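Asker: Below is one structure. I have some questions about it.
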Amino acid sequence: MGSTRGTGRTRGRATAMAACAAALAALTAVPAQAHGPEHRPAHWELKDTGTPQARFRGLAAVSRNTAWVAGTGGTVLRTTDGGESWRNVSPPGAGELQFRDVEAFDARRAVVLAIGEGEASRVYRTDDGGATWTEVFRNPDPKAFYDCLAFFDRRHGLAMSDPVDGKFRILSTGDGGRTWKVLPDRGMPAAQEGEAGFAASGQCLVTSGTRDVWLATGGAARARVLHSSDRGRTWTATDSPLPAGDPARGVFALAFRDRAHGLAVGGDFRPDQPSPQAAARTSDSGRTWRPAAAPPPAYRSGVAWLPHSRTAALAVGPTGTDLTTDAGRTWRTVDTGSYDTVDCTPDHGCWAAGEKGRVARLEH
């Protein structure tokens with residue numbers, strides 16, 4: 001029986017690699033008119049959410065069929081049929097809240113984060129696909145402002161706040177988001193003057209594996225990435241080469257394909273300001289960051305590795321989507337639509353979301 005399981009794993013891995021190769025080939029294909037519509041390269045296909053008034057900066061892709069989005073006006077939507085239909089599962093009474101992050105474990109269980117000063121920062125959890133919600137955290141500290149949350153597994157997760165009394169604040173859960181507690185800040189380096197996180201895509205706090213977590217910063221003299229290898233109890237800070245020195249500049253999003261290899265994107269979110277060197281990469285868990293040789297041409301707020309790939313990733317922002325096929329060394333624009341965040345799943349589902357109710361799935 002052991003031999004049969006091994007053969008199944010090998011066959012499954014080969015199938016996944018073949019599918020990834022096909023997706024990558026489609027993304028990097030020449031324009032469709034060169035070979036006809038049957039060879040159209042991979043592209044974002046918009047899914048009608050029926051909510052043009054909402055901006056979705058929170059996105060949790062569960063599979064090619066199931067995804068959750070969270071945004072302005074306390075809006076949370078869920079699809080289980082690949083975006084053909086969407087169910088409004090917004091928490092009751094949340095119309096004044098700004099949801100900026102959502103983490104989903106499956107089609108029924110999810111946690112959403114509302115941002116803002118003081119009590120505007122809240123966390124809700126559902127166990128029944130959004131039919132009912134429980135408010136599991138309401139920030140009592142007027143000095144705290146929560147930006148992002150992330151989970152290591154179905155039980156353990158963190159949320160991060162802008163600095164309180166000179167240090168970033170970390171909130172922890174060990175029961176799937178049902179209860180939360182503030183972690184001691186003894187292991188957190190001092191924040192720079194004006195330093196904060198950007199609640200732009202739900203990707204200012206990301207995890208890899210069971211213990212590693214990274215936090216992206218901006219707004220100060222240096223745009224930094226903080227790393228913890230013990231679930232947020234102790235941290236080290238590293239400067240990044242991304243634009244800094246202004247409240248509108250910094251690292252906006254991170255993505256790690258394993259505990260060593262990561263990508264950072266950002267820049268200056270003001271549309272009238274250039275964003276040179278808006279991407280960087282690391283191969284040592286974030287101890288050092290190298291600028292992209294050919295970065296995205298403008299500010300990018302979201303980034304995700306393509307499934308089962310060691311070299312391909314997508315970055316998104318208000319002016320377009322960029323693709324790297326060399327692990328972040330170079331990027332090229334493949335779409336000019338506006339998106340704020342992007343997420344991919346092991347079954348080769350990639351989703352993007354943004355302003356005017358825009359949600360799209362990558363089609364091959």
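Identifiers in the structure tokens: chain A, B, ... in order shown; residue index from 1 per chain; ligand index from 1 in order shown.
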Restrict the calculation to only C-alpha atoms, then for each residue of region 260-306 of chain A with any atom at most 6 Å from an atom of region 321-338 of chain A give the closest atom pair and their distance in Å to one decimal, rows by chain and rising residue number, as CSV.
Answerer:
```
residue,atom,partner,partner_atom,distance
A:Arg281,CA,A:Gly328,CA,5.9
A:Ala292,CA,A:Arg329,CA,4.7
A:Ala293,CA,A:Arg329,CA,5.5
A:Ala294,CA,A:Thr330,CA,4.4
A:Pro295,CA,A:Trp331,CA,5.4
A:Pro296,CA,A:Trp331,CA,5.6
```
Asker: Take the selection from the previous step and output its residues with all heavy atoms, as a short mmCIF file (atom, residue, chain, number, x, y, z; two decimals), in the first residue's frame.
Answerer:
```
data_model
loop_
_atom_site.label_atom_id
_atom_site.label_comp_id
_atom_site.auth_asym_id
_atom_site.auth_seq_id
_atom_site.Cartn_x
_atom_site.Cartn_y
_atom_site.Cartn_z
N ARG A 281 13.05 41.38 -3.97
CA ARG A 281 12.96 39.94 -3.71
C ARG A 281 13.97 39.55 -2.65
O ARG A 281 14.98 40.23 -2.43
CB ARG A 281 13.22 39.15 -4.99
CG ARG A 281 14.57 39.45 -5.63
CD ARG A 281 14.67 38.88 -7.04
NE ARG A 281 15.90 39.32 -7.69
CZ ARG A 281 17.05 38.66 -7.67
NH1 ARG A 281 17.12 37.51 -7.01
NH2 ARG A 281 18.12 39.12 -8.29
N ALA A 292 14.33 44.68 -7.89
CA ALA A 292 14.11 44.07 -9.20
C ALA A 292 14.89 44.81 -10.26
O ALA A 292 14.95 46.05 -10.25
CB ALA A 292 12.62 44.09 -9.54
N ALA A 293 15.50 44.07 -11.17
CA ALA A 293 16.27 44.70 -12.25
C ALA A 293 15.34 45.44 -13.20
O ALA A 293 15.69 46.50 -13.74
CB ALA A 293 17.07 43.65 -13.01
N ALA A 294 14.14 44.89 -13.42
CA ALA A 294 13.11 45.54 -14.23
C ALA A 294 11.81 45.48 -13.43
O ALA A 294 11.05 44.51 -13.53
CB ALA A 294 12.95 44.85 -15.58
N PRO A 295 11.55 46.49 -12.61
CA PRO A 295 10.37 46.46 -11.72
C PRO A 295 9.09 46.79 -12.46
O PRO A 295 9.12 47.23 -13.62
CB PRO A 295 10.71 47.54 -10.70
CG PRO A 295 11.53 48.52 -11.46
CD PRO A 295 12.35 47.70 -12.42
N PRO A 296 7.93 46.60 -11.82
CA PRO A 296 6.68 47.09 -12.40
C PRO A 296 6.78 48.58 -12.68
O PRO A 296 7.52 49.30 -11.99
CB PRO A 296 5.65 46.78 -11.31
CG PRO A 296 6.25 45.64 -10.52
CD PRO A 296 7.72 45.91 -10.54
#
```
Asker: Write out as a PyMOL selection string which residues come within 9 Å of region 54-58 of chain A when counting only C-alpha atoms, dropping same-chain ones fewer than 2 positions away.
Answerer: chain A and resi 51-52+60+68-73+75-76+99-103+112-113+199-203+339-341+353-359
Asker: Considering only C-alpha atoms, return as a PyMOL selection string whatever protein or nucleic-acid residues lie within 8 Å of Ser285 (chain A), sequence-local ones (same chain, fewer than 3 positions apart) excluded.
Answerer: chain A and resi 227+259-262+282+288
Asker: Kindly export the residues of the current selection with N, CA and C atoms, as a PDB file, in the first residue's frame.
Answerer:
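Result written to part_30.pdb:
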```
ATOM      1  N   HIS A 227      10.428  40.408  10.325  1.00  0.00           N
ATOM      2  CA  HIS A 227      10.255  38.953  10.259  1.00  0.00           C
ATOM      3  C   HIS A 227      10.266  38.363  11.659  1.00  0.00           C
ATOM      4  N   ARG A 259       9.617  29.572   3.338  1.00  0.00           N
ATOM      5  CA  ARG A 259      10.123  30.471   4.377  1.00  0.00           C
ATOM      6  C   ARG A 259      11.342  31.280   3.938  1.00  0.00           C
ATOM      7  N   ALA A 260      11.931  30.959   2.794  1.00  0.00           N
ATOM      8  CA  ALA A 260      13.118  31.668   2.340  1.00  0.00           C
ATOM      9  C   ALA A 260      12.834  32.679   1.236  1.00  0.00           C
ATOM     10  N   HIS A 261      11.989  32.322   0.280  1.00  0.00           N
ATOM     11  CA  HIS A 261      11.847  33.098  -0.946  1.00  0.00           C
ATOM     12  C   HIS A 261      10.594  33.969  -0.915  1.00  0.00           C
ATOM     13  N   GLY A 262      10.807  35.281  -0.993  1.00  0.00           N
ATOM     14  CA  GLY A 262       9.694  36.211  -0.905  1.00  0.00           C
ATOM     15  C   GLY A 262       9.781  37.351  -1.886  1.00  0.00           C
ATOM     16  N   THR A 282      13.681  38.444  -1.983  1.00  0.00           N
ATOM     17  CA  THR A 282      14.601  37.902  -0.984  1.00  0.00           C
ATOM     18  C   THR A 282      14.689  36.393  -1.156  1.00  0.00           C
ATOM     19  N   THR A 288      17.849  39.996   3.731  1.00  0.00           N
ATOM     20  CA  THR A 288      18.293  40.968   2.736  1.00  0.00           C
ATOM     21  C   THR A 288      17.276  41.019   1.608  1.00  0.00           C
TER      22      THR A 288
END
```
Asker: Check the DSSP output for the backbone and give back, as a ChimeraX atom specification, the residues of region 30-149 of chain A in strand (DSSP E).
Answerer: /A:43-47,56-61,67-71,76-79,87-88,98-104,110-117,122-126,134-138,145-149
Asker: Could you tell me how far CA of Thr311 (chain A) sits from CA of Ser275 (chain A), in Å to one decimal place?
Answerer: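 Calculated distance between CA of Ser275 (chain A) and CA of Thr311 (chain A) is 23.4 Å.
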Asker: Applying 8 Å and only C-alpha atoms, which residues near Val213 (chain A) remain after dropping the ones on its own chain fewer than 6 positions away? List them as a PDB file with C-alpha atoms, in the first residue's frame.
Answerer:
```pdb
ATOM      1  CA  LEU A 205       1.109  40.671   7.128  1.00  0.00           C
ATOM      2  CA  VAL A 206       1.807  37.239   5.587  1.00  0.00           C
ATOM      3  CA  THR A 207       2.856  33.797   6.795  1.00  0.00           C
ATOM      4  CA  HIS A 227      10.255  38.953  10.259  1.00  0.00           C
ATOM      5  CA  SER A 228       9.329  36.649  13.113  1.00  0.00           C
ATOM      6  CA  SER A 229      10.090  32.923  13.244  1.00  0.00           C
ATOM      7  CA  ARG A 231       4.638  33.349  15.587  1.00  0.00           C
ATOM      8  CA  GLY A 232       5.081  37.002  16.373  1.00  0.00           C
TER       9      GLY A 232
END
```
Asker: Select, from A:Ala131, A:Gly118, A:Pro318, A:Arg78, the residue with the minimum atom-to-atom distance to Asp106 (chain A), counting only C-alpha atoms.
Answerer: A:Arg78
Asker: Taking into account only C-alpha atoms, which residue in the set A:Val89, A:Val136, A:Leu46, A:Leu59 is nearest to Ala104 (chain A)?
Answerer: A:Leu59
Asker: For Leu263 (chain A), find every residue with an atom within 10 Å (counting only C-alpha atoms), except residues of its own chain fewer than 6 positions away, and show them as a count of residues only.
Answerer: 23
Asker: Mind checking which residues fall within 7 Å of Thr80 (chain A), counting only C-alpha atoms, ignoring those fewer than 6 positions away in the same chain, and posting them as a list in words?
Answerer: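 After dropping sequence-adjacent residues, the list is Asn65, Thr66 and Ala67 of chain A.
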Asker: Residues near region 161-168 of chain A, anyone? I mean within 7 Å using only C-alpha atoms, not counting same-chain ones fewer than 5 positions away, as number ranges by chain.
Answerer: A: 143-147, 188-191, 196-197
Asker: What's the separation between CA of Trp44 (chain A) and CA of Gly317 (chain A), in Å to one decimal place?
Answerer: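 We find that CA of Trp44 (chain A) and CA of Gly317 (chain A) lie 13.5 Å from each other.
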Asker: Nearest residue to Gly250 (chain A) out of A:Ser208, A:Thr132, A:Thr238, A:Thr217, using only C-alpha atoms?
Answerer: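 Distance minimum relative to Gly250 (chain A) lands on A:Thr217.
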Asker: Between CA of Trp235 (chain A) and CA of Arg125 (chain A), what distance in Å does the model show, to one decimal?
Answerer: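 CA of Arg125 (chain A) lies at a distance of 27.5 Å from CA of Trp235 (chain A).
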